[in-house]
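A.B. asks: Here it is, the structure, as structure tokens.
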Amino acid sequence: MAIKDRMSGNEAVAHAIRQINPDVMPAFPITPSTEIPQYVSSMIANGEIDTEFIPVESEHSSMSAAIGASAAGARTLTATSSCGLALMWEVLYVAASNRLPIMMEVVNRALSGPININAEHSDSMGARDCGWIQIYAENNQEAYDNTLQAYRIAEHASVKLPVMICQDGFITSHAVENITLLEDEPVKRFVGTYEPEHYLLREDESMAVGPYAVSCYCMEAKRAQAQAMINAKDVILQVAREFEAISGRSYGFFEEYRLEDAEYAIVAIGSVCGTIKEAVDGLREKGCKAGLLKVRVFRPFPGEEMAAALKHCKAIAIMDRCEGYNSVGGPLGAELTAALYRVKAVSEVVNITYGLSGRDVKVSDVEVVYDGLEKLAQGENCFGEYPYIGLRSADRAE
Amino acid sequence: MVQKNTFDFREIQRRQERLAPGHRMCAGCGGTIAVRNVLKALHPGDKAVVGNATGCLEVSSFMYPYTAYEDSYIHNAFENAGATLSGVETAYRALKKKGKIKEDYKFITFGGDGGTYDIGLQSLSGAMERGHDMVYVCYDNGAYMNTGVQRSSATPMYADTTTTPTGRISSGKPQTRKDLAAVIAAHNIPYVAQTTFIGNMKDLYVKSEKAIYTPGAAFLNVLAPCPRGWKYDTPDIIEICRLAVETCYWPLFEIVDGRWILSYKPKNKLPLEDFLRKQGRFSHLFKSGSEYLLEAFQKEVDRRWEELLFRCGE
């Protein structure tokens, strides 16, 4: 039976971790993810789970210890944000290339500088090409549900890749909202136990992890790893179907909100999608055919599927909560625009940067975007050459 | 604690090699001698997981698809051997608690001085402070040999390296070497020791066995000469190690539960230049006009030796 409760995003994933009862969790404090290891430590202190916690001295060591624990055969997780994720950068690749199904709760926060603790996607977007699966949440419910699905995807025989479960710092991680939880037993049955094929502590064989490989082997290893990411697409959908059977909640690569007949679409990731839905509902009442595509899975990138869902739109705004510093735009903008080109979409496309370092996005901001899309479809570009929303000045920090 | 009090050289030499031949380390490499002998201190039949920081040892002993290790082995990156093995050791405790593993395992990780004194110091410090049941073995050859003999904080003063080259206005490395054993001793772990290759390797064996079979974190600092970086005639390695000890450049000692114990006190302390003269990296110290450098180096070695004697209550 479903349990109605109210909790923050961090509490929600901690609740999921309690239900999963993983073997090892190394973690290092950083705002705003630090509540997750705090909750886990409390559960351990009270005997609610038998996870071994490693209070490491840095995030680099957090990921390094996670790699050691996972290679040794333990179901392993960690949590981090922002600069902590950046400090792990080197070993994120090692985790993925060793095909270790580690779960990481990423509470998205701006990278420095200036140092800022609020929501932004620059941290996980900076790590988008390190070989990890990335699944994003709009709210606490999705953060909880995605956490429960994570190991099923990561540990699947055709995948064996680490996975980041992402939620927006403070907006999701700290805001308390209603949530529907599953009971412990169905969760345990759904997640199952971890039975790796090869691991360091397997008593009947020795294993060596982390070789030096010369050019005649490396390229094949990398292609095989790329195949695992391709394989993850089917597994993500299959796990989502099984999850729907126990929860009644349906998930895919993305959510289409009033998109089917939409003429003007926004594509976005994370908590801002709640605000966009509100704007869409208001605009629909006024007769404007507004819609939303909310990205859930960014790695593997479901470009073909997204483009197919969007190609009928007259104009599309792709929103990035991340500055690309490339003079063009953000990562979602770049990749989705390329995917639309491949399906020969004729839609007008604009890439907009928003919400950096926790800058609030209001329903009225979103309405301005839809208004701009209508004009764009008629040949009038009011977004400017380098579109931002919610910005006071393009050249001064005043 | 399981400890054998006798040193049976023949029995130990008959034990199975845990570092198999066929690896690509240089002939006469000190690092390989350290690894073979440390692993020999594992009692026959005992299981272990071996860790390794990036360096000569890693890229030469685990080249895909071949591994030289009979035991399970993990290399992660350059600076994280301490953290990596702490993850493995924690996984062992977690899985043992859940009944998924029955047998006992020991955890031993190797790093060169670059990966230990410098880039891996934080990760090592964390692993030692948390008290994981593991041994960190530094094979100290006093420079980044894998990348071509760059100086590290373990490089002795005045050594000629590729980033402290001797030149018209340079006499090699200007700084003295970091005393890592003392740094690790300050973590108040149960066992720290410094050793090298002496005689029939008894000192190295005994200290390795204590480090491996002492519950909790342990650290071994093993002087492991590199013929290429030190520029000596390869077969001279054992003589060079003997001179390092007899000149008190590399004293042998242990720190057991905080108590400093001198393992060997030379009857006649030899002048430092006896150790330096055989090595090309110090050849500039033997040119006329460089006597003051030898004098300063001798003074530094004397000061540290006196400090060690004081710590050991000698």
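All residue names refer to the structure tokens as shown: chains lettered A, B, ... in order, residues numbered from 1 in each chain, ligands numbered from 1 in order.
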Given a cut-off of 8 Å, which residues of chain B touch chain A, counting only C-alpha atoms, written out as a PyMOL selection string?
C.D. replies: chain B and resi 49+58-59+62-65+67+69-77+80+83-95+101+103+122-123+126-127+130
A.B. asks: With C-alpha atoms kept, could you save the residues just selected as a PDB file, in the first residue's frame?
C.D. replies:
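After the write, result.pdb holds the following:
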```pdb
ATOM      1  CA  VAL B  49      43.908  -7.678  -2.254  1.00  0.00           C
ATOM      2  CA  GLU B  58      51.464  -0.264 -12.229  1.00  0.00           C
ATOM      3  CA  VAL B  59      52.126   0.312 -15.918  1.00  0.00           C
ATOM      4  CA  PHE B  62      49.434  -4.905 -15.143  1.00  0.00           C
ATOM      5  CA  MET B  63      49.522  -4.345 -18.888  1.00  0.00           C
ATOM      6  CA  TYR B  64      46.268  -5.545 -20.377  1.00  0.00           C
ATOM      7  CA  PRO B  65      45.672  -8.458 -20.867  1.00  0.00           C
ATOM      8  CA  THR B  67      48.745  -9.238 -14.759  1.00  0.00           C
ATOM      9  CA  TYR B  69      49.689 -10.496  -9.484  1.00  0.00           C
ATOM     10  CA  GLU B  70      48.534 -13.840  -8.156  1.00  0.00           C
ATOM     11  CA  ASP B  71      46.192 -12.066  -5.723  1.00  0.00           C
ATOM     12  CA  SER B  72      43.298  -9.764  -6.587  1.00  0.00           C
ATOM     13  CA  TYR B  73      44.656  -6.368  -7.569  1.00  0.00           C
ATOM     14  CA  ILE B  74      43.289  -2.868  -8.114  1.00  0.00           C
ATOM     15  CA  HIS B  75      44.808   0.227  -9.651  1.00  0.00           C
ATOM     16  CA  ASN B  76      42.667   3.335  -9.733  1.00  0.00           C
ATOM     17  CA  ALA B  77      44.696   6.519 -10.326  1.00  0.00           C
ATOM     18  CA  ASN B  80      44.177   7.756  -4.571  1.00  0.00           C
ATOM     19  CA  ALA B  83      41.261   5.912  -0.609  1.00  0.00           C
ATOM     20  CA  THR B  84      40.821   3.096  -3.117  1.00  0.00           C
ATOM     21  CA  LEU B  85      42.015   0.397  -0.780  1.00  0.00           C
ATOM     22  CA  SER B  86      39.993   1.897   2.064  1.00  0.00           C
ATOM     23  CA  GLY B  87      36.954   1.323  -0.154  1.00  0.00           C
ATOM     24  CA  VAL B  88      37.970  -2.279  -0.792  1.00  0.00           C
ATOM     25  CA  GLU B  89      38.607  -2.906   2.903  1.00  0.00           C
ATOM     26  CA  THR B  90      35.253  -1.364   3.851  1.00  0.00           C
ATOM     27  CA  ALA B  91      33.480  -3.496   1.240  1.00  0.00           C
ATOM     28  CA  TYR B  92      35.138  -6.530   2.824  1.00  0.00           C
ATOM     29  CA  ARG B  93      33.761  -5.614   6.255  1.00  0.00           C
ATOM     30  CA  ALA B  94      30.312  -4.892   4.810  1.00  0.00           C
ATOM     31  CA  LEU B  95      30.122  -8.164   2.855  1.00  0.00           C
ATOM     32  CA  ILE B 101      32.304 -13.584   2.327  1.00  0.00           C
ATOM     33  CA  GLU B 103      37.414 -16.080   4.224  1.00  0.00           C
ATOM     34  CA  GLN B 122      45.861  13.524   1.385  1.00  0.00           C
ATOM     35  CA  SER B 123      44.309  10.218   0.361  1.00  0.00           C
ATOM     36  CA  GLY B 126      42.668  10.004   5.262  1.00  0.00           C
ATOM     37  CA  ALA B 127      43.040   6.232   5.030  1.00  0.00           C
ATOM     38  CA  ARG B 130      40.293   6.433   9.589  1.00  0.00           C
TER      39      ARG B 130
END
```
A.B. asks: May I ask for the distance between CA of Glu263 (chain A) and CA of Arg342 (chain A), given in Å to one decimal place?
C.D. replies: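 Between CA of Glu263 (chain A) and CA of Arg342 (chain A) the gap is 19.9 Å.
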A.B. asks: Nearest to His284 (chain B): which of B:Arg242, B:Lys173, B:Arg36, B:Lys202 is it, counting only C-alpha atoms?
C.D. replies: B:Lys173
A.B. asks: Excluding region 287-294 of chain B and residues on its chain fewer than 5 positions from it, collect all residues at most 12 Å away from it, counting only C-alpha atoms, and give them as a VMD selection string.
C.D. replies: chain B and resid 157 to 159 170 to 174 271 to 277 282 299 to 301
A.B. asks: Looking only at helix (DSSP H, G or I) from DSSP on the backbone, list the matching residues of region 159-242 of chain A as JSON, numbers by chain.
C.D. replies: {"A": [184, 185, 186, 187, 188, 189, 190, 191, 215, 216, 217, 218, 219, 220, 221, 222, 223, 224, 225, 226, 227, 228, 229, 230, 231, 232, 233, 234, 235, 236, 237, 238, 239, 240, 241, 242]}
A.B. asks: Those same residues - N, CA and C atoms - I'd like them written as an mmCIF file, in the first residue's frame.
C.D. replies:
```cif
data_model
loop_
_atom_site.group_PDB
_atom_site.id
_atom_site.type_symbol
_atom_site.label_atom_id
_atom_site.label_comp_id
_atom_site.auth_asym_id
_atom_site.auth_seq_id
_atom_site.Cartn_x
_atom_site.Cartn_y
_atom_site.Cartn_z
ATOM 1 N N ASP A 184 8.436 -1.002 2.254
ATOM 2 C CA ASP A 184 9.797 -1.547 2.176
ATOM 3 C C ASP A 184 9.871 -2.844 1.369
ATOM 4 N N GLU A 185 8.958 -3.756 1.620
ATOM 5 C CA GLU A 185 9.070 -5.080 1.010
ATOM 6 C C GLU A 185 8.979 -5.063 -0.522
ATOM 7 N N PRO A 186 7.971 -4.372 -1.094
ATOM 8 C CA PRO A 186 7.955 -4.301 -2.563
ATOM 9 C C PRO A 186 9.206 -3.630 -3.132
ATOM 10 N N VAL A 187 9.743 -2.643 -2.422
ATOM 11 C CA VAL A 187 10.975 -1.996 -2.887
ATOM 12 C C VAL A 187 12.109 -3.007 -2.900
ATOM 13 N N LYS A 188 12.251 -3.763 -1.824
ATOM 14 C CA LYS A 188 13.348 -4.743 -1.734
ATOM 15 C C LYS A 188 13.228 -5.796 -2.834
ATOM 16 N N ARG A 189 11.992 -6.233 -3.088
ATOM 17 C CA ARG A 189 11.796 -7.214 -4.159
ATOM 18 C C ARG A 189 12.143 -6.607 -5.521
ATOM 19 N N PHE A 190 11.757 -5.346 -5.708
ATOM 20 C CA PHE A 190 12.008 -4.677 -6.992
ATOM 21 C C PHE A 190 13.505 -4.456 -7.216
ATOM 22 N N VAL A 191 14.191 -3.956 -6.203
ATOM 23 C CA VAL A 191 15.624 -3.633 -6.356
ATOM 24 C C VAL A 191 16.447 -4.923 -6.412
ATOM 25 N N SER A 215 47.631 0.994 -27.222
ATOM 26 C CA SER A 215 46.698 1.434 -28.269
ATOM 27 C C SER A 215 45.965 0.281 -28.947
ATOM 28 N N CYS A 216 46.558 -0.898 -28.954
ATOM 29 C CA CYS A 216 45.888 -2.002 -29.652
ATOM 30 C C CYS A 216 44.736 -2.593 -28.837
ATOM 31 N N TYR A 217 44.518 -2.143 -27.603
ATOM 32 C CA TYR A 217 43.372 -2.626 -26.826
ATOM 33 C C TYR A 217 42.394 -1.507 -26.444
ATOM 34 N N CYS A 218 42.907 -0.286 -26.254
ATOM 35 C CA CYS A 218 42.087 0.780 -25.666
ATOM 36 C C CYS A 218 40.837 1.106 -26.481
ATOM 37 N N MET A 219 40.990 1.188 -27.770
ATOM 38 C CA MET A 219 39.866 1.652 -28.586
ATOM 39 C C MET A 219 38.691 0.678 -28.512
ATOM 40 N N GLU A 220 38.984 -0.608 -28.477
ATOM 41 C CA GLU A 220 37.923 -1.610 -28.367
ATOM 42 C C GLU A 220 37.225 -1.500 -27.012
ATOM 43 N N ALA A 221 38.015 -1.246 -25.961
ATOM 44 C CA ALA A 221 37.425 -1.104 -24.621
ATOM 45 C C ALA A 221 36.465 0.084 -24.601
ATOM 46 N N LYS A 222 36.874 1.168 -25.249
ATOM 47 C CA LYS A 222 36.032 2.371 -25.238
ATOM 48 C C LYS A 222 34.763 2.164 -26.075
ATOM 49 N N ARG A 223 34.906 1.465 -27.175
ATOM 50 C CA ARG A 223 33.715 1.202 -27.997
ATOM 51 C C ARG A 223 32.733 0.296 -27.245
ATOM 52 N N ALA A 224 33.278 -0.679 -26.513
ATOM 53 C CA ALA A 224 32.410 -1.579 -25.741
ATOM 54 C C ALA A 224 31.674 -0.791 -24.654
ATOM 55 N N GLN A 225 32.387 0.172 -24.063
ATOM 56 C CA GLN A 225 31.762 1.019 -23.046
ATOM 57 C C GLN A 225 30.658 1.882 -23.670
ATOM 58 N N ALA A 226 30.919 2.393 -24.852
ATOM 59 C CA ALA A 226 29.906 3.192 -25.554
ATOM 60 C C ALA A 226 28.665 2.336 -25.848
ATOM 61 N N GLN A 227 28.886 1.056 -26.170
ATOM 62 C CA GLN A 227 27.765 0.156 -26.439
ATOM 63 C C GLN A 227 26.904 -0.022 -25.192
ATOM 64 N N ALA A 228 27.555 -0.075 -24.040
ATOM 65 C CA ALA A 228 26.801 -0.213 -22.785
ATOM 66 C C ALA A 228 25.862 0.976 -22.601
ATOM 67 N N MET A 229 26.329 2.162 -22.977
ATOM 68 C CA MET A 229 25.479 3.351 -22.867
ATOM 69 C C MET A 229 24.316 3.266 -23.857
ATOM 70 N N ILE A 230 24.594 2.741 -25.021
ATOM 71 C CA ILE A 230 23.514 2.544 -26.015
ATOM 72 C C ILE A 230 22.503 1.516 -25.465
ATOM 73 N N ASN A 231 23.021 0.426 -24.912
ATOM 74 C CA ASN A 231 22.147 -0.619 -24.354
ATOM 75 C C ASN A 231 21.284 -0.092 -23.210
ATOM 76 N N ALA A 232 21.801 0.922 -22.507
ATOM 77 C CA ALA A 232 21.081 1.446 -21.337
ATOM 78 C C ALA A 232 19.703 1.986 -21.719
ATOM 79 N N LYS A 233 19.540 2.389 -22.977
ATOM 80 C CA LYS A 233 18.248 2.974 -23.373
ATOM 81 C C LYS A 233 17.106 1.971 -23.171
ATOM 82 N N ASP A 234 17.275 0.773 -23.691
ATOM 83 C CA ASP A 234 16.225 -0.243 -23.539
ATOM 84 C C ASP A 234 16.014 -0.602 -22.074
ATOM 85 N N VAL A 235 17.126 -0.695 -21.341
ATOM 86 C CA VAL A 235 17.041 -1.112 -19.933
ATOM 87 C C VAL A 235 16.304 -0.063 -19.104
ATOM 88 N N ILE A 236 16.561 1.203 -19.383
ATOM 89 C CA ILE A 236 15.887 2.280 -18.651
ATOM 90 C C ILE A 236 14.368 2.177 -18.839
ATOM 91 N N LEU A 237 13.943 1.904 -20.061
ATOM 92 C CA LEU A 237 12.502 1.805 -20.338
ATOM 93 C C LEU A 237 11.896 0.541 -19.722
ATOM 94 N N GLN A 238 12.658 -0.544 -19.783
ATOM 95 C CA GLN A 238 12.177 -1.805 -19.207
ATOM 96 C C GLN A 238 12.028 -1.689 -17.677
ATOM 97 N N VAL A 239 13.016 -1.072 -17.032
ATOM 98 C CA VAL A 239 12.958 -0.887 -15.577
ATOM 99 C C VAL A 239 11.807 0.057 -15.224
ATOM 100 N N ALA A 240 11.594 1.075 -16.061
ATOM 101 C CA ALA A 240 10.488 2.012 -15.808
ATOM 102 C C ALA A 240 9.140 1.285 -15.872
ATOM 103 N N ARG A 241 9.006 0.360 -16.821
ATOM 104 C CA ARG A 241 7.738 -0.397 -16.929
ATOM 105 C C ARG A 241 7.518 -1.254 -15.675
ATOM 106 N N GLU A 242 8.589 -1.896 -15.225
ATOM 107 C CA GLU A 242 8.461 -2.718 -14.008
ATOM 108 C C GLU A 242 8.150 -1.849 -12.790
#
```
A.B. asks: Could you pull the residues within 8 Å of Ile266 (chain A), counting only C-alpha atoms, minus those fewer than 6 positions along the same chain, as JSON, numbers by chain?
C.D. replies: {"A": [291, 292, 293, 316, 317, 318, 319, 370]}
A.B. asks: For the residues in the current selection, export all heavy atoms as a PDB file, in the first residue's frame.
C.D. replies:
```pdb
ATOM      1  N   GLY A 291       3.366  23.798 -25.057  1.00  0.00           N
ATOM      2  CA  GLY A 291       3.665  22.460 -24.534  1.00  0.00           C
ATOM      3  C   GLY A 291       5.063  22.416 -23.949  1.00  0.00           C
ATOM      4  O   GLY A 291       5.860  23.348 -24.117  1.00  0.00           O
ATOM      5  N   LEU A 292       5.327  21.301 -23.240  1.00  0.00           N
ATOM      6  CA  LEU A 292       6.636  21.142 -22.577  1.00  0.00           C
ATOM      7  C   LEU A 292       7.175  19.749 -22.846  1.00  0.00           C
ATOM      8  O   LEU A 292       6.433  18.761 -22.801  1.00  0.00           O
ATOM      9  CB  LEU A 292       6.461  21.326 -21.062  1.00  0.00           C
ATOM     10  CG  LEU A 292       7.603  20.818 -20.165  1.00  0.00           C
ATOM     11  CD1 LEU A 292       8.845  21.691 -20.300  1.00  0.00           C
ATOM     12  CD2 LEU A 292       7.150  20.767 -18.700  1.00  0.00           C
ATOM     13  N   LEU A 293       8.485  19.662 -23.098  1.00  0.00           N
ATOM     14  CA  LEU A 293       9.169  18.377 -23.069  1.00  0.00           C
ATOM     15  C   LEU A 293      10.156  18.447 -21.907  1.00  0.00           C
ATOM     16  O   LEU A 293      11.097  19.236 -21.936  1.00  0.00           O
ATOM     17  CB  LEU A 293       9.896  18.078 -24.387  1.00  0.00           C
ATOM     18  CG  LEU A 293      10.478  16.656 -24.489  1.00  0.00           C
ATOM     19  CD1 LEU A 293      10.507  16.187 -25.946  1.00  0.00           C
ATOM     20  CD2 LEU A 293      11.863  16.546 -23.888  1.00  0.00           C
ATOM     21  N   ILE A 316      10.615  26.135 -30.942  1.00  0.00           N
ATOM     22  CA  ILE A 316      11.052  25.396 -29.752  1.00  0.00           C
ATOM     23  C   ILE A 316      12.096  26.223 -28.996  1.00  0.00           C
ATOM     24  O   ILE A 316      13.048  26.713 -29.606  1.00  0.00           O
ATOM     25  CB  ILE A 316      11.684  24.035 -30.159  1.00  0.00           C
ATOM     26  CG1 ILE A 316      10.690  23.186 -30.971  1.00  0.00           C
ATOM     27  CG2 ILE A 316      12.185  23.270 -28.935  1.00  0.00           C
ATOM     28  CD1 ILE A 316      11.365  22.094 -31.801  1.00  0.00           C
ATOM     29  N   ALA A 317      11.907  26.343 -27.685  1.00  0.00           N
ATOM     30  CA  ALA A 317      12.933  26.981 -26.838  1.00  0.00           C
ATOM     31  C   ALA A 317      13.597  25.891 -26.006  1.00  0.00           C
ATOM     32  O   ALA A 317      12.935  25.194 -25.238  1.00  0.00           O
ATOM     33  CB  ALA A 317      12.297  28.024 -25.937  1.00  0.00           C
ATOM     34  N   ILE A 318      14.887  25.710 -26.203  1.00  0.00           N
ATOM     35  CA  ILE A 318      15.636  24.729 -25.417  1.00  0.00           C
ATOM     36  C   ILE A 318      16.320  25.499 -24.294  1.00  0.00           C
ATOM     37  O   ILE A 318      17.103  26.421 -24.543  1.00  0.00           O
ATOM     38  CB  ILE A 318      16.676  23.991 -26.287  1.00  0.00           C
ATOM     39  CG1 ILE A 318      15.993  23.384 -27.528  1.00  0.00           C
ATOM     40  CG2 ILE A 318      17.385  22.917 -25.465  1.00  0.00           C
ATOM     41  CD1 ILE A 318      16.973  22.872 -28.575  1.00  0.00           C
ATOM     42  N   MET A 319      15.977  25.122 -23.072  1.00  0.00           N
ATOM     43  CA  MET A 319      16.431  25.911 -21.912  1.00  0.00           C
ATOM     44  C   MET A 319      17.572  25.193 -21.190  1.00  0.00           C
ATOM     45  O   MET A 319      17.438  24.033 -20.795  1.00  0.00           O
ATOM     46  CB  MET A 319      15.259  26.084 -20.941  1.00  0.00           C
ATOM     47  CG  MET A 319      13.987  26.639 -21.581  1.00  0.00           C
ATOM     48  SD  MET A 319      13.700  28.344 -21.173  1.00  0.00           S
ATOM     49  CE  MET A 319      13.213  28.187 -19.468  1.00  0.00           C
ATOM     50  N   TYR A 370       7.183  31.816 -24.241  1.00  0.00           N
ATOM     51  CA  TYR A 370       6.181  31.317 -25.201  1.00  0.00           C
ATOM     52  C   TYR A 370       5.742  32.422 -26.163  1.00  0.00           C
ATOM     53  O   TYR A 370       5.533  32.185 -27.357  1.00  0.00           O
ATOM     54  CB  TYR A 370       4.971  30.720 -24.460  1.00  0.00           C
ATOM     55  CG  TYR A 370       5.229  29.324 -23.949  1.00  0.00           C
ATOM     56  CD1 TYR A 370       5.328  29.059 -22.591  1.00  0.00           C
ATOM     57  CD2 TYR A 370       5.380  28.260 -24.838  1.00  0.00           C
ATOM     58  CE1 TYR A 370       5.567  27.779 -22.116  1.00  0.00           C
ATOM     59  CE2 TYR A 370       5.625  26.976 -24.378  1.00  0.00           C
ATOM     60  CZ  TYR A 370       5.717  26.740 -23.017  1.00  0.00           C
ATOM     61  OH  TYR A 370       5.962  25.474 -22.562  1.00  0.00           O
TER      62      TYR A 370
END
```
A.B. asks: Excluding region 225-227 of chain B and any residue of its chain fewer than 6 positions from it, enumerate the residues within 6 Å of it, using only C-alpha atoms, and give them as an MDAnalysis selection string.
C.D. replies: chainID B and resid 29:30 141 234
A.B. asks: Using only C-alpha atoms, which of the listed residues (A:Gly169, A:Gly126, A:Pro300, A:Gly330) sits closest to Glu138 (chain A)?
C.D. replies: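 The shortest atom-to-atom distance to Glu138 (chain A) comes from A:Gly169.
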A.B. asks: Would you mind listing what lies within 7 Å of Thr78 (chain A) as a VMD selection string, with only C-alpha atoms counted and same-chain residues fewer than 2 positions away left out?
C.D. replies: chain A and resid 25 to 27 80 103 to 105
A.B. asks: Mind checking which residues fall within 9 Å of Leu161 (chain A), counting only C-alpha atoms, ignoring those fewer than 2 positions away in the same chain, and posting them as a PyMOL selection string?
C.D. replies: chain A and resi 95-102+131-133+153-156+159+163+225+228-229+232
A.B. asks: Can you spit out the residues from that selection as a CSV table (one decimal), in the first residue's frame, using N, CA, C and O atoms?
C.D. replies:
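Saved to out-v7.csv:
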```csv
chain,number,residue,atom,x,y,z
A,95,ALA,N,35.6,5.1,-12.9
A,95,ALA,CA,34.4,4.3,-12.4
A,95,ALA,C,33.7,3.7,-13.6
A,95,ALA,O,33.3,2.6,-13.7
A,96,ALA,N,33.4,4.6,-14.6
A,96,ALA,CA,32.7,4.2,-15.8
A,96,ALA,C,33.4,3.2,-16.6
A,96,ALA,O,32.9,2.1,-17.1
A,97,SER,N,34.7,3.4,-16.8
A,97,SER,CA,35.5,2.5,-17.7
A,97,SER,C,35.8,1.2,-17.0
A,97,SER,O,36.0,0.2,-17.7
A,98,ASN,N,35.7,1.1,-15.7
A,98,ASN,CA,35.8,-0.2,-15.0
A,98,ASN,C,34.5,-0.8,-14.9
A,98,ASN,O,34.3,-1.9,-14.3
A,99,ARG,N,33.4,-0.2,-15.5
A,99,ARG,CA,32.1,-0.7,-15.6
A,99,ARG,C,31.5,-1.1,-14.2
A,99,ARG,O,31.0,-2.2,-14.0
A,100,LEU,N,31.6,-0.1,-13.3
A,100,LEU,CA,31.2,-0.3,-11.9
A,100,LEU,C,29.8,0.4,-11.7
A,100,LEU,O,29.7,1.6,-11.9
A,101,PRO,N,28.8,-0.4,-11.3
A,101,PRO,CA,27.5,0.2,-11.2
A,101,PRO,C,27.2,1.0,-9.9
A,101,PRO,O,26.4,0.7,-9.1
A,102,ILE,N,28.0,2.0,-9.7
A,102,ILE,CA,27.9,2.9,-8.5
A,102,ILE,C,26.7,3.9,-8.7
A,102,ILE,O,26.5,4.4,-9.8
A,131,GLY,N,30.8,9.1,-19.1
A,131,GLY,CA,30.4,7.7,-19.1
A,131,GLY,C,29.4,7.3,-18.1
A,131,GLY,O,29.1,6.1,-18.0
A,132,TRP,N,28.9,8.2,-17.4
A,132,TRP,CA,27.8,7.9,-16.4
A,132,TRP,C,26.4,8.1,-17.0
A,132,TRP,O,26.2,9.1,-17.8
A,133,ILE,N,25.5,7.3,-16.6
A,133,ILE,CA,24.1,7.5,-16.9
A,133,ILE,C,23.7,8.7,-16.1
A,133,ILE,O,24.1,8.9,-15.0
A,153,ILE,N,19.1,-0.4,-13.3
A,153,ILE,CA,19.6,0.0,-14.6
A,153,ILE,C,21.1,-0.2,-14.6
A,153,ILE,O,21.7,-0.8,-15.5
A,154,ALA,N,21.8,0.3,-13.6
A,154,ALA,CA,23.3,0.3,-13.5
A,154,ALA,C,23.8,-1.1,-13.5
A,154,ALA,O,24.9,-1.4,-14.1
A,155,GLU,N,23.2,-2.0,-12.8
A,155,GLU,CA,23.7,-3.3,-12.6
A,155,GLU,C,23.3,-4.3,-13.7
A,155,GLU,O,23.8,-5.5,-13.7
A,156,HIS,N,22.4,-3.9,-14.6
A,156,HIS,CA,21.9,-4.8,-15.6
A,156,HIS,C,23.1,-5.3,-16.4
A,156,HIS,O,24.1,-4.6,-16.8
A,159,VAL,N,24.5,-3.4,-19.3
A,159,VAL,CA,24.8,-2.0,-19.0
A,159,VAL,C,26.1,-1.9,-18.2
A,159,VAL,O,27.2,-1.5,-18.7
A,163,VAL,N,25.6,5.5,-12.3
A,163,VAL,CA,24.5,6.3,-12.6
A,163,VAL,C,24.4,7.5,-11.7
A,163,VAL,O,24.6,7.3,-10.5
A,225,GLN,N,32.4,0.2,-24.1
A,225,GLN,CA,31.8,1.0,-23.0
A,225,GLN,C,30.7,1.9,-23.7
A,225,GLN,O,29.6,2.1,-23.1
A,228,ALA,N,27.6,-0.1,-24.0
A,228,ALA,CA,26.8,-0.2,-22.8
A,228,ALA,C,25.9,1.0,-22.6
A,228,ALA,O,24.7,0.8,-22.2
A,229,MET,N,26.3,2.2,-23.0
A,229,MET,CA,25.5,3.4,-22.9
A,229,MET,C,24.3,3.3,-23.9
A,229,MET,O,23.2,3.6,-23.5
A,232,ALA,N,21.8,0.9,-22.5
A,232,ALA,CA,21.1,1.4,-21.3
A,232,ALA,C,19.7,2.0,-21.7
A,232,ALA,O,18.8,2.0,-20.9
```
A.B. asks: What are the closest atom pairs, with distances in Å to one decimal, for all residues of region 103-206 of chain B lying within 12 Å of region 37-40 of chain B? Consider only C-alpha atoms, order rows by chain and residue number, and present the result as CSV.
C.D. replies:
```
residue,atom,partner,partner_atom,distance
B:Lys106,CA,B:Leu39,CA,10.6
B:Phe107,CA,B:Leu39,CA,10.6
B:Ile108,CA,B:Leu39,CA,8.5
B:Thr109,CA,B:Val38,CA,10.4
B:Phe110,CA,B:Val38,CA,9.8
B:Val135,CA,B:Val38,CA,10.2
B:Tyr136,CA,B:Val38,CA,10.8
B:Val137,CA,B:Val38,CA,8.5
B:Cys138,CA,B:Val38,CA,11.0
B:Tyr139,CA,B:Val38,CA,10.5
B:Thr195,CA,B:Val38,CA,11.0
B:Thr196,CA,B:Asn37,CA,10.5
B:Phe197,CA,B:Asn37,CA,9.3
B:Ile198,CA,B:Asn37,CA,11.8
B:Asn200,CA,B:Asn37,CA,10.5
B:Met201,CA,B:Asn37,CA,7.7
B:Lys202,CA,B:Asn37,CA,9.7
B:Asp203,CA,B:Asn37,CA,10.5
B:Leu204,CA,B:Val38,CA,7.1
B:Tyr205,CA,B:Val38,CA,6.5
B:Val206,CA,B:Val38,CA,9.3
```
A.B. asks: Figure out the distance between CA of Leu180 (chain B) and CA of Cys56 (chain B), please, to one decimal in Å.
C.D. replies: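 These two atoms are separated by 20.5 Å.
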A.B. asks: Report, in Å with one decimal, the straight-line distance from CA of Ala394 (chain A) to CA of Gln378 (chain A).
C.D. replies: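 About the pair CA of Ala394 (chain A) and CA of Gln378 (chain A): they are 26.4 Å apart.
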A.B. asks: Among region 162-196 of chain B, which residues carry a DSSP assignment of strand (DSSP E or B), reported as a list in words?
C.D. replies: Thr166, Gly167, Ser170, Ser171, Tyr191, Val192, Ala193, Gln194 and Thr195 of chain B
A.B. asks: Out of B:Leu223, B:Ala154, B:Met145, B:Ile169, which residue has the shortest atom-to-atom distance to Asp118 (chain B) when counting only C-alpha atoms?
C.D. replies: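 Counting only C-alpha atoms, the residue closest to Asp118 (chain B) is B:Ala154.
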